[in-house]
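Undergrad: Contents of coords.txt (compact mmCIF, C-alpha atoms) are below:
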# COMPACT_ATOMS: atom_id res chain seq x y z
CA MET X 741 0.00 0.00 0.00
CA ALA X 742 3.04 2.26 0.10
CA GLU X 743 2.74 2.79 -3.66
CA ASN X 744 0.98 5.86 -4.95
CA LEU X 745 -2.30 4.71 -6.46
CA PHE X 746 -1.84 6.95 -9.48
CA ASP X 747 1.68 5.85 -10.36
CA ALA X 748 0.17 3.38 -12.83
CA PHE X 749 -1.15 6.27 -14.93
CA GLU X 750 0.91 8.41 -17.28
CA PRO X 751 0.81 12.12 -16.41
CA VAL X 752 -1.36 14.24 -18.71
CA SER X 753 -0.07 17.71 -19.66
CA SER X 754 -2.23 20.81 -20.05
CA LYS X 755 -1.53 20.70 -23.78
CA GLN X 756 -2.97 17.19 -24.01
CA TRP X 757 -6.04 18.25 -22.06
CA LYS X 758 -6.63 21.18 -24.39
CA GLN X 759 -6.26 18.96 -27.45
CA GLN X 760 -8.84 16.53 -26.07
CA ILE X 761 -11.23 19.35 -25.15
CA GLN X 762 -10.88 20.89 -28.60
CA TYR X 763 -11.67 17.51 -30.13
CA GLU X 764 -14.79 17.13 -27.96
CA LEU X 765 -15.97 20.62 -28.94
CA LYS X 766 -16.24 19.43 -32.57
CA GLY X 767 -15.05 22.66 -34.09
CA ALA X 768 -16.54 25.14 -31.61
CA ASP X 769 -14.20 27.90 -30.47
CA TYR X 770 -12.47 27.02 -27.17
CA ASN X 771 -12.30 30.59 -25.83
CA GLU X 772 -15.83 31.60 -26.83
CA THR X 773 -17.37 28.37 -25.58
CA LEU X 774 -15.56 27.63 -22.32
CA VAL X 775 -13.75 30.78 -21.16
CA TRP X 776 -15.83 33.38 -19.33
CA GLU X 777 -14.90 36.80 -18.00
CA SER X 778 -15.78 38.08 -14.53
CA LEU X 779 -16.81 41.63 -13.64
CA GLU X 780 -13.20 42.13 -12.52
CA GLY X 781 -11.92 41.42 -16.03
CA ILE X 782 -10.51 38.02 -15.04
CA LYS X 783 -10.84 35.34 -17.72
CA VAL X 784 -11.71 32.02 -16.13
CA ARG X 785 -10.50 28.92 -17.94
CA PRO X 786 -12.27 25.54 -17.85
CA PHE X 787 -9.35 23.85 -16.11
CA TYR X 788 -6.07 24.72 -14.37
CA HIS X 789 -2.97 22.58 -14.48
CA GLU X 790 0.28 22.24 -12.53
CA ASP X 791 2.47 22.92 -15.59
CA GLU X 792 0.75 26.31 -16.08
CA SER X 793 0.85 27.28 -12.43
CA GLU X 794 3.50 29.72 -11.29
CA VAL X 795 2.67 31.00 -7.81
CA LYS X 796 4.22 34.44 -7.31
CA PHE X 797 2.57 35.22 -3.97
CA THR X 798 2.23 33.29 -0.74
CA VAL X 799 -0.37 34.07 1.86
CA GLY X 800 1.95 33.06 4.68
CA HIS X 801 -0.86 33.04 7.23
CA ASN X 802 -1.52 30.16 9.59
CA PRO X 803 -4.71 31.13 11.39
CA GLU X 804 -6.04 29.61 14.55
CA ALA X 805 -9.47 28.04 14.22
CA PHE X 806 -11.94 30.73 13.19
CA LYS X 807 -14.04 32.26 15.97
CA ILE X 808 -17.84 32.42 15.84
CA VAL X 809 -18.87 36.03 16.49
CA GLN X 810 -22.24 37.16 17.83
CA ASN X 811 -23.28 40.74 17.01
CA ILE X 812 -25.12 42.62 19.77
CA PHE X 813 -26.48 46.17 19.50
CA VAL X 814 -26.36 47.75 22.94
CA HIS X 815 -29.66 49.52 23.64
CA ASP X 816 -30.04 48.34 27.22
CA VAL X 817 -26.87 47.40 29.13
CA ALA X 818 -28.45 44.72 31.33
CA LEU X 819 -30.29 43.07 28.43
CA SER X 820 -27.18 43.19 26.22
CA ASN X 821 -25.13 41.58 28.98
CA LYS X 822 -27.77 38.85 29.32
CA ARG X 823 -27.80 38.28 25.53
CA ALA X 824 -24.01 37.99 25.48
CA LEU X 825 -24.00 35.42 28.30
CA ASP X 826 -26.73 33.44 26.51
CA ALA X 827 -24.96 33.57 23.12
CA LEU X 828 -21.67 32.38 24.64
CA SER X 829 -23.45 29.50 26.36
CA ARG X 830 -24.99 28.50 23.01
CA GLY X 831 -21.83 28.32 20.92
CA ALA X 832 -20.67 31.88 20.24
CA GLU X 833 -16.94 32.32 20.89
CA SER X 834 -16.65 36.07 20.56
CA ILE X 835 -18.95 39.08 20.97
CA ARG X 836 -19.10 42.26 18.89
CA PHE X 837 -20.91 45.04 20.76
CA THR X 838 -22.18 48.07 18.84
CA ILE X 839 -22.32 50.94 21.34
CA GLU X 840 -24.12 54.08 20.17
CA THR X 841 -23.80 56.26 23.28
CA LYS X 842 -20.93 57.31 25.54
CA GLU X 843 -23.11 56.76 28.62
CA VAL X 844 -22.80 52.96 28.50
CA SER X 845 -21.20 51.34 31.56
CA ILE X 846 -18.44 48.98 30.41
CA GLU X 847 -18.41 47.24 33.81
CA GLY X 848 -22.15 46.67 33.59
CA LEU X 849 -21.96 45.46 30.00
CA MET X 850 -19.15 43.01 30.79
CA LYS X 851 -20.54 41.78 34.12
CA GLU X 852 -19.71 38.09 34.67
CA LEU X 853 -18.73 37.58 31.02
CA PRO X 854 -15.87 35.07 30.56
CA LEU X 855 -12.62 36.89 29.82
CA GLU X 856 -9.84 34.32 29.62
CA ASN X 857 -10.44 32.84 26.16
CA THR X 858 -13.03 35.18 24.66
CA VAL X 859 -12.35 38.20 22.45
CA TYR X 860 -14.69 41.19 22.67
CA PHE X 861 -15.09 43.80 19.95
CA PHE X 862 -16.47 47.26 20.67
CA TYR X 863 -17.74 49.00 17.54
CA LEU X 864 -18.10 52.73 18.21
CA PRO X 865 -19.96 54.95 15.69
CA PHE X 866 -18.47 57.97 17.49
CA LEU X 867 -14.96 59.13 18.38
CA SER X 868 -14.30 59.68 22.09
CA ILE X 869 -10.87 59.57 23.72
CA ASP X 870 -12.43 59.26 27.18
CA PHE X 871 -14.70 56.35 26.24
CA VAL X 872 -11.81 54.47 24.63
CA ALA X 873 -9.86 55.05 27.84
CA LYS X 874 -12.71 53.43 29.80
CA ILE X 875 -12.57 50.30 27.64
CA ASN X 876 -8.77 50.23 27.78
CA GLY X 877 -8.83 50.60 31.57
CA PHE X 878 -11.30 47.73 31.94
CA ALA X 879 -9.22 45.50 29.63
CA GLN X 880 -5.98 46.21 31.51
CA LYS X 881 -7.56 45.75 34.93
CA ASN X 882 -9.21 42.45 34.01
CA GLU X 883 -6.67 41.17 31.45
CA ALA X 884 -9.46 41.04 28.87
CA LYS X 885 -8.86 40.54 25.15
CA CYS X 886 -10.58 43.45 23.41
CA PHE X 887 -10.63 45.23 20.07
CA ILE X 888 -11.93 48.78 19.77
CA LEU X 889 -13.35 49.38 16.31
CA LEU X 890 -12.90 52.99 15.17
CA ASP X 891 -13.02 54.06 11.53
CA PRO X 892 -13.41 57.80 10.76
CA ILE X 893 -12.75 57.17 7.05
CA ALA X 894 -15.68 54.74 6.86
CA GLN X 895 -17.74 57.35 8.70
CA LEU X 896 -16.89 59.83 5.93
CA ALA X 897 -17.51 57.31 3.15
CA LYS X 898 -20.85 56.05 4.48
CA ASP X 899 -22.29 59.15 6.13
CA GLY X 900 -20.74 61.86 3.94
CA ASN X 901 -19.26 63.70 6.93
CA TRP X 902 -16.42 63.21 9.40
CA PHE X 903 -17.18 62.79 13.10
CA GLU X 904 -15.87 66.36 13.46
CA ASN X 905 -13.44 67.19 10.63
CA LEU X 906 -10.38 65.58 9.03
CA ASP X 907 -7.77 67.25 11.23
CA GLN X 908 -9.65 66.80 14.50
CA ASP X 909 -10.55 63.17 13.83
CA PHE X 910 -6.95 62.21 13.16
CA GLU X 911 -5.72 64.30 16.09
CA ASN X 912 -8.07 62.24 18.29
CA LEU X 913 -6.87 58.97 16.75
CA ASN X 914 -3.24 59.89 17.43
CA ALA X 915 -4.15 60.72 21.03
CA ILE X 916 -5.85 57.32 21.33
CA ALA X 917 -2.77 55.62 19.83
CA ASP X 918 -0.64 57.14 22.59
CA LYS X 919 -3.02 56.15 25.40
CA THR X 920 -4.31 52.67 24.58
CA THR X 921 -2.64 49.30 24.40
CA LEU X 922 -5.64 47.79 22.60
CA PRO X 923 -6.07 47.45 18.84
CA PHE X 924 -8.29 50.38 17.85
CA ILE X 925 -8.23 50.82 14.06
CA ASN X 926 -11.01 49.19 12.08
CA ILE X 927 -11.35 49.05 8.29
CA ASN X 928 -15.00 48.72 7.32
CA SER X 929 -14.40 47.42 3.81
CA GLY X 930 -17.86 45.87 3.69
CA ILE X 931 -19.21 49.25 2.60
CA TYR X 932 -17.62 48.85 -0.82
CA GLN X 933 -18.93 45.33 -1.42
CA ASN X 934 -22.45 46.14 -0.26
CA ALA X 935 -22.55 49.20 -2.51
CA GLY X 936 -21.63 47.15 -5.59
CA ALA X 937 -17.86 47.48 -5.98
CA ASN X 938 -16.23 44.57 -7.80
CA MET X 939 -13.55 42.53 -6.02
CA VAL X 940 -10.57 44.37 -7.47
CA GLN X 941 -12.10 47.66 -6.32
CA GLN X 942 -12.88 46.22 -2.89
CA LEU X 943 -9.27 45.13 -2.42
CA ALA X 944 -7.75 48.34 -3.79
CA TYR X 945 -10.05 50.60 -1.76
CA THR X 946 -9.41 48.57 1.38
CA LEU X 947 -5.66 48.83 0.84
CA ALA X 948 -5.87 52.58 0.17
CA HIS X 949 -8.11 52.91 3.25
CA VAL X 950 -5.45 51.16 5.37
CA ASN X 951 -2.72 53.30 3.83
CA GLU X 952 -4.36 56.49 5.07
CA TYR X 953 -4.04 55.23 8.64
CA PHE X 954 -0.43 54.18 8.13
CA ASN X 955 0.28 57.66 6.82
CA ARG X 956 -1.60 59.68 9.41
CA ILE X 957 -1.16 57.81 12.71
CA LYS X 958 2.34 58.12 14.14
CA ASN X 959 2.45 55.30 16.68
CA LEU X 960 0.45 52.58 14.97
CA SER X 961 1.71 49.33 16.47
CA GLN X 962 -1.46 47.39 17.27
CA PRO X 963 -3.14 44.93 14.87
CA ILE X 964 -5.63 46.46 12.43
CA ASN X 965 -9.07 44.87 12.21
CA ILE X 966 -10.57 44.52 8.73
CA GLU X 967 -14.29 43.86 8.34
CA VAL X 968 -14.95 42.06 5.06
CA SER X 969 -18.28 41.38 3.35
CA VAL X 970 -18.34 38.07 1.49
CA GLY X 971 -20.46 37.47 -1.60
CA THR X 972 -21.70 34.33 -3.26
CA ASN X 973 -18.98 33.83 -5.92
CA TYR X 974 -17.49 30.96 -3.93
CA PHE X 975 -13.92 30.53 -5.23
CA PHE X 976 -13.45 34.22 -6.05
CA GLU X 977 -14.34 35.14 -2.46
CA ILE X 978 -11.82 32.65 -1.08
CA ALA X 979 -9.20 34.22 -3.34
CA LYS X 980 -10.28 37.74 -2.34
CA LEU X 981 -9.53 37.14 1.34
CA ARG X 982 -6.22 35.51 0.52
CA ALA X 983 -5.27 38.42 -1.77
CA MET X 984 -6.22 40.88 0.98
CA ARG X 985 -3.67 39.40 3.37
CA ILE X 986 -0.96 39.44 0.70
CA LEU X 987 -1.67 43.09 -0.09
CA PHE X 988 -1.78 44.09 3.58
CA LYS X 989 1.59 42.44 4.28
CA THR X 990 3.07 44.10 1.18
CA LEU X 991 1.86 47.52 2.33
CA ALA X 992 3.00 47.06 5.93
CA ALA X 993 6.46 46.04 4.70
CA GLU X 994 6.74 49.37 2.86
CA TYR X 995 6.42 51.10 6.25
CA SER X 996 8.81 48.60 7.88
CA SER X 997 5.87 47.76 10.11
CA LYS X 998 5.16 44.43 11.76
CA VAL X 999 1.50 45.35 12.28
CA ASP X 1000 -0.74 42.42 11.40
CA CYS X 1001 -4.35 42.39 10.27
CA HIS X 1002 -7.22 40.61 11.94
CA VAL X 1003 -10.11 39.74 9.60
CA ILE X 1004 -13.78 39.50 10.56
CA ALA X 1005 -15.95 38.28 7.69
CA THR X 1006 -19.71 38.73 7.34
CA PRO X 1007 -21.99 37.63 4.49
CA THR X 1008 -23.00 40.48 2.19
CA LYS X 1009 -26.47 42.02 2.23
CA ARG X 1010 -26.30 42.82 -1.47
CA ASN X 1011 -27.70 39.48 -2.67
CA LYS X 1012 -30.14 38.95 0.21
CA THR X 1013 -33.84 38.94 -0.55
CA LEU X 1014 -37.11 39.84 1.11
CA TYR X 1015 -39.18 37.22 -0.69
CA ASP X 1016 -38.35 33.53 -0.35
CA TYR X 1017 -36.16 34.64 2.54
CA ASN X 1018 -35.19 31.10 3.59
CA VAL X 1019 -32.90 30.96 0.53
CA ASN X 1020 -30.80 33.55 2.41
CA MET X 1021 -29.66 30.70 4.67
CA LEU X 1022 -28.21 28.86 1.69
CA ARG X 1023 -26.45 32.01 0.51
CA THR X 1024 -24.97 32.80 3.92
CA THR X 1025 -23.79 29.19 4.35
CA THR X 1026 -21.66 29.21 1.20
CA GLU X 1027 -20.46 32.74 2.01
CA CYS X 1028 -19.33 31.65 5.47
CA MET X 1029 -17.58 28.67 3.88
CA SER X 1030 -15.69 31.02 1.55
CA ALA X 1031 -14.74 33.22 4.51
CA ILE X 1032 -13.38 30.28 6.51
CA LEU X 1033 -11.45 28.75 3.61
CA GLY X 1034 -10.14 32.22 2.73
CA GLY X 1035 -8.55 32.46 6.18
CA ALA X 1036 -10.85 34.78 8.14
CA ASP X 1037 -9.93 34.97 11.82
CA ALA X 1038 -13.56 35.35 12.84
CA VAL X 1039 -16.95 35.03 11.15
CA ALA X 1040 -20.12 36.89 12.15
CA ASN X 1041 -22.98 35.31 10.25
CA LEU X 1042 -25.92 37.33 8.94
CA PRO X 1043 -29.36 36.10 10.12
CA TYR X 1044 -31.63 35.05 7.27
CA ASP X 1045 -34.20 37.71 8.27
CA ALA X 1046 -31.78 40.55 9.05
CA ILE X 1047 -33.02 42.85 6.28
CA TYR X 1048 -36.62 43.02 7.51
CA HIS X 1049 -36.73 41.80 11.14
CA LYS X 1050 -35.31 43.43 14.24
CA ASP X 1051 -32.74 41.41 16.18
CA ASN X 1052 -34.42 38.27 17.46
CA GLU X 1053 -33.36 35.14 19.29
CA PHE X 1054 -34.51 32.73 16.57
CA GLY X 1055 -32.67 34.45 13.71
CA ASP X 1056 -29.50 34.77 15.79
CA ARG X 1057 -29.66 31.12 16.84
CA ILE X 1058 -30.06 29.83 13.29
CA ALA X 1059 -27.15 32.02 12.08
CA ARG X 1060 -24.94 30.81 14.92
CA ASN X 1061 -25.91 27.18 14.33
CA GLN X 1062 -24.87 27.42 10.68
CA LEU X 1063 -21.34 28.22 11.85
CA LEU X 1064 -21.44 25.56 14.55
CA VAL X 1065 -22.32 22.93 11.92
CA LEU X 1066 -19.45 24.10 9.71
CA LYS X 1067 -17.05 23.99 12.63
CA HIS X 1068 -18.04 20.92 14.62
CA GLU X 1069 -19.74 18.70 12.05
CA SER X 1070 -18.00 19.69 8.81
CA TYR X 1071 -14.58 20.27 10.47
CA PHE X 1072 -13.85 23.49 8.62
CA ASP X 1073 -11.55 24.52 11.45
CA LYS X 1074 -9.21 21.51 11.17
CA VAL X 1075 -7.06 22.52 8.18
CA ASP X 1076 -4.93 25.67 7.92
CA ASN X 1077 -4.98 27.35 4.50
CA ALA X 1078 -7.06 24.62 2.89
CA ALA X 1079 -6.93 26.42 -0.47
CA ASP X 1080 -3.13 26.18 -0.74
CA GLY X 1081 -2.07 24.33 -3.88
CA ALA X 1082 -5.45 24.67 -5.63
CA TYR X 1083 -4.28 25.97 -9.02
CA TYR X 1084 -7.57 27.76 -9.77
CA ILE X 1085 -7.68 29.60 -6.43
CA GLU X 1086 -3.96 30.38 -6.58
CA SER X 1087 -4.44 31.88 -10.05
CA LEU X 1088 -7.44 33.95 -8.92
CA THR X 1089 -5.54 35.15 -5.85
CA GLU X 1090 -2.59 36.26 -7.97
CA GLN X 1091 -4.73 38.07 -10.55
CA LEU X 1092 -6.89 39.82 -7.95
CA ALA X 1093 -3.82 40.94 -6.00
CA GLU X 1094 -2.03 42.24 -9.10
CA LYS X 1095 -5.06 44.11 -10.44
CA ALA X 1096 -5.84 45.59 -7.02
CA LEU X 1097 -2.24 46.70 -6.53
CA THR X 1098 -2.32 48.49 -9.90
CA LEU X 1099 -5.55 50.29 -8.96
CA PHE X 1100 -4.16 51.15 -5.52
CA LYS X 1101 -1.12 52.80 -7.12
CA GLU X 1102 -3.40 54.85 -9.36
CA ILE X 1103 -5.33 56.08 -6.30
CA GLU X 1104 -2.10 57.06 -4.54
CA GLU X 1105 -0.80 58.87 -7.62
CA LYS X 1106 -3.98 60.98 -7.60
CA GLY X 1107 -3.63 62.08 -3.99
CA GLY X 1108 -4.75 59.09 -1.96
CA PHE X 1109 -8.00 57.58 -0.84
CA ILE X 1110 -9.44 60.49 1.14
CA THR X 1111 -8.72 62.91 -1.71
CA GLN X 1112 -10.40 60.56 -4.18
CA LEU X 1113 -13.43 60.27 -1.88
CA ILE X 1114 -13.72 64.05 -1.58
CA GLU X 1115 -13.44 64.44 -5.36
CA GLY X 1116 -16.13 61.78 -5.83
CA ASN X 1117 -14.05 59.43 -7.99
CA ILE X 1118 -14.42 56.42 -5.67
CA GLN X 1119 -18.19 56.85 -5.52
CA ARG X 1120 -18.42 57.17 -9.30
CA LYS X 1121 -16.39 54.00 -9.92
CA ILE X 1122 -18.47 52.00 -7.44
CA SER X 1123 -21.70 53.29 -9.03
CA GLU X 1124 -20.47 52.21 -12.47
CA SER X 1125 -19.63 48.72 -11.18
CA ALA X 1126 -22.94 48.46 -9.32
CA ALA X 1127 -24.84 49.47 -12.46
CA LYS X 1128 -23.20 46.65 -14.44
CA GLU X 1129 -24.16 44.09 -11.81
CA GLN X 1130 -27.68 45.51 -11.54
CA GLU X 1131 -28.09 45.23 -15.31
CA LEU X 1132 -27.11 41.55 -15.13
CA PHE X 1133 -29.70 40.99 -12.39
CA ASP X 1134 -32.43 42.90 -14.21
CA SER X 1135 -31.80 40.93 -17.41
CA GLY X 1136 -31.89 37.59 -15.54
CA LYS X 1137 -28.21 36.78 -16.14
CA GLU X 1138 -27.44 37.29 -12.46
CA ILE X 1139 -29.85 34.91 -10.73
CA LEU X 1140 -31.32 35.12 -7.24
CA LEU X 1141 -33.53 32.05 -6.82
CA GLY X 1142 -36.98 32.87 -5.55
CA THR X 1143 -36.68 36.48 -6.66
CA ASN X 1144 -35.88 36.88 -10.35
CA LYS X 1145 -35.95 33.12 -11.02
CA TYR X 1146 -38.77 30.79 -9.89
CA PRO X 1147 -40.50 33.37 -7.63
CA ASN X 1148 -43.39 32.22 -5.46
CA LYS X 1149 -46.20 34.55 -6.51
CA ASN X 1150 -48.21 33.65 -3.41
CA ASP X 1151 -45.46 34.88 -1.09
CA LYS X 1152 -46.65 37.95 0.88
CA MET X 1153 -44.35 40.16 2.95
CA LYS X 1154 -46.08 43.53 3.41
CA HIS X 1155 -47.29 42.78 6.95
CA ASP X 1156 -44.05 41.15 8.13
CA LEU X 1157 -41.74 44.17 7.83
CA GLU X 1158 -40.32 45.32 11.15
CA LEU X 1159 -37.49 47.19 9.42
CA PHE X 1160 -37.52 49.26 6.21
CA PRO X 1161 -35.57 46.96 3.84
CA PHE X 1162 -34.69 49.53 1.15
CA VAL X 1163 -32.30 52.44 0.71
CA LYS X 1164 -33.37 55.24 3.06
CA GLN X 1165 -33.53 58.76 1.67
CA ASN X 1166 -32.08 61.31 4.11
CA PRO X 1167 -31.52 64.66 2.34
CA ARG X 1168 -28.99 66.75 4.27
CA LYS X 1169 -25.81 68.71 3.79
CA THR X 1170 -22.72 66.51 3.49
CA LEU X 1171 -19.05 67.10 2.74
CA ILE X 1172 -19.02 64.36 0.11
CA VAL X 1173 -21.54 62.18 -1.71
CA PRO X 1174 -21.86 59.14 0.60
CA ILE X 1175 -21.37 55.59 -0.65
CA ILE X 1176 -24.84 54.05 -0.63
CA GLU X 1177 -25.27 50.36 0.14
CA LYS X 1178 -28.06 48.81 -1.94
CA ARG X 1179 -29.37 45.30 -2.51
CA LEU X 1180 -29.84 43.98 -6.05
CA ALA X 1181 -33.47 42.96 -5.53
CA GLU X 1182 -34.78 46.23 -4.09
CA LYS X 1183 -36.61 47.58 -7.14
CA LEU X 1184 -38.26 44.23 -7.91
CA GLU X 1185 -39.30 43.80 -4.28
CA GLN X 1186 -40.81 47.27 -4.10
CA GLU X 1187 -42.91 46.50 -7.16
CA ARG X 1188 -44.12 43.24 -5.61
CA LEU X 1189 -44.96 44.92 -2.30
CA ALA X 1190 -46.95 47.60 -4.10
CA SER X 1191 -49.03 44.95 -5.88
CA GLU X 1192 -49.85 42.86 -2.80
For the structure just supplied, provide its representation as structure tokens.
TA:
Amino acid sequence: MAENLFDAFEPVSSKQWKQQIQYELKGADYNETLVWESLEGIKVRPFYHEDESEVKFTVGHNPEAFKIVQNIFVHDVALSNKRALDALSRGAESIRFTIETKEVSIEGLMKELPLENTVYFFYLPFLSIDFVAKINGFAQKNEAKCFILLDPIAQLAKDGNWFENLDQDFENLNAIADKTTLPFININSGIYQNAGANMVQQLAYTLAHVNEYFNRIKNLSQPINIEVSVGTNYFFEIAKLRAMRILFKTLAAEYSSKVDCHVIATPTKRNKTLYDYNVNMLRTTTECMSAILGGADAVANLPYDAIYHKDNEFGDRIARNQLLVLKHESYFDKVDNAADGAYYIESLTEQLAEKALTLFKEIEEKGGFITQLIEGNIQRKISESAAKEQELFDSGKEILLGTNKYPNKNDKMKHDLELFPFVKQNPRKTLIVPIIEKRLAEKLEQERLASE
């Protein structure tokens, strides 16, 4: 049994494969018939072979088993603390708190929560040196593992305005860098994916986003957290996460920095649907699989009903159980860098990284990411990419089962909406045009709701 089972077979070269494929096509053109091009301009071949594979990049990341993250919006401290305790007892391994007010008691929020092996994330949609100091003080006193998630650039991109202004926001960040030992920089790159940016744009904008912090924060020595939204293009999304780590390491090396990145992945909202909503569970499952195989450090699943229901125990439990099945029944946590050596994924990783690096250099040559946001070029490019994808959906080439393919005409949703599931219009004065996140199915769903 020591013999390799396949030693009895002669190796087959890529040239031989192509000859056989061409023969089977009976005169049809190989490229027109079998090669397709993605929205990123990547031509995907029908097969990939060892003799055509030349890996130029290595991910070089050996992650620990991915952590299952539970998102909790803090409206009531006592209830949020109770939800966190319950989630951790039911399989969650990490908690991400969203805190919207500076009045929240960190001691009350963290009361009796396990600290030794659990990481806590504090997402703050405001910038307060004093509040960060409170979290840092609690972490030091109790030896807690915490990440503070601050991202003024994402605030500008999504809201159209800084927290205060460019100079003051970065002055506050530099003050925080001097006073905290905790990681505090967050890159909310999910904005770009959810607004319709293609993968090359997502990677380039994320890299340029990171570069602004490297440039503007003097004492940046803590790990940077990157929030990634994962779509349904399975192998491309695996490659996207791998390319992101390569690009981050390349950028950090330019600053002679040993700062590492920590990646939290979440399924995108862009392809989620209001009608036939149970299909969302299938979408989020494959998206979580891509995130894990791509090397995400942590995964926060999106509940199947997140676009139209308020937070609820059932939706959270189902989302958490999807990850528990992947981890404890499918053993997705048992192999480091499972995609290594897969010629197709290696090729995608290389092409995405190269194209993103080229676009990143163009952004830097034109003044950098913030300048390009202020001038509106980033928003325009994302809108153009989103329009292409929307056209594919509207024409039926981009399929969302149960929505633009095999819809259930008897499905009614008008009386089940706890949240407004469409783009909200909020006319106001902003410094820049904000990047608007929008789902592909919104127009079709609005038409169906109006006819119920």
Undergrad: Show me, as a list in words, the residues that have an atom within 10 Å of X:Met850 when counting all atoms listed in the file, minus same-chain residues fewer than 4 positions from it.
TA: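 The residues satisfying every condition are Val817, Ala818, Ser820, Asn821, Lys822, Ala824, Leu825, Ser845, Ile846, Pro854, Leu855, Tyr860 and Phe878 of chain X.
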Undergrad: Quick one: contact table of stretch 869-909 of chain X to stretch 1155-1170 of chain X, 9 Å max, nearest atom pair and distance in Å to one decimal per residue, counting only C-alpha atoms, chain and number order, as JSON lines?
TA:
{"residue": "X:Asp899", "atom": "CA", "partner": "X:Thr1170", "partner_atom": "CA", "distance": 7.8}
{"residue": "X:Gly900", "atom": "CA", "partner": "X:Thr1170", "partner_atom": "CA", "distance": 5.1}
{"residue": "X:Asn901", "atom": "CA", "partner": "X:Thr1170", "partner_atom": "CA", "distance": 5.6}
Undergrad: Which one is closest to X:Leu779: X:Arg1060, X:Lys1149, X:Arg985, X:Lys1128? Count all atoms listed in the file.
TA: X:Lys1128
Undergrad: With only C-alpha atoms as the atoms that count, which of X:Asn914, X:Gln1062, X:Gln880, X:Thr972 lies nearest to X:Glu1138?
TA: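 Between X:Asn914, X:Gln1062, X:Gln880, X:Thr972, the residue approaching X:Glu1138 most closely is X:Thr972.
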Undergrad: Would you mind reading off the distance between atom CA of X:Ile808 and atom CA of X:Ala832, one decimal, in Å?
TA: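 According to the coordinates, atom CA of X:Ile808 and atom CA of X:Ala832 are separated by 5.3 Å.
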Undergrad: Could you please determine the separation between atom CA of X:Ser753 and atom CA of X:Tyr770 in Å, to one decimal place?
TA: 17.2 Å
Undergrad: Would you kindly identify which residues have an atom no farther than 7 Å from (-29.9, 39.2, 2.5), using only C-alpha atoms and the file's own coordinates, and write them out as an MDAnalysis selection string?
TA: chainID X and resid 1009:1013 1020 1044 1046:1047
Undergrad: For X:Tyr953, which of X:Leu1140, X:Phe1109, X:Lys898, X:Asn1041 is the closest residue, counting all atoms listed in the file?
TA: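 So, comparing all the options, the nearest one is X:Phe1109.
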Undergrad: Taking (-16.5, 52.3, 15.6) in the file's coordinates as the center, which residues reach within 8 Å of it, counting only C-alpha atoms, put as a short mmCIF file (atom, residue, chain, number, x, y, z; two decimals) with C-alpha atoms, keeping the file's coordinate frame?
TA:
data_model
loop_
_atom_site.label_atom_id
_atom_site.label_comp_id
_atom_site.auth_asym_id
_atom_site.auth_seq_id
_atom_site.Cartn_x
_atom_site.Cartn_y
_atom_site.Cartn_z
CA THR X 838 -22.18 48.07 18.84
CA PHE X 862 -16.47 47.26 20.67
CA TYR X 863 -17.74 49.00 17.54
CA LEU X 864 -18.10 52.73 18.21
CA PRO X 865 -19.96 54.95 15.69
CA PHE X 866 -18.47 57.97 17.49
CA LEU X 867 -14.96 59.13 18.38
CA ILE X 888 -11.93 48.78 19.77
CA LEU X 889 -13.35 49.38 16.31
CA LEU X 890 -12.90 52.99 15.17
CA ASP X 891 -13.02 54.06 11.53
CA PRO X 892 -13.41 57.80 10.76
CA ASN X 926 -11.01 49.19 12.08
#
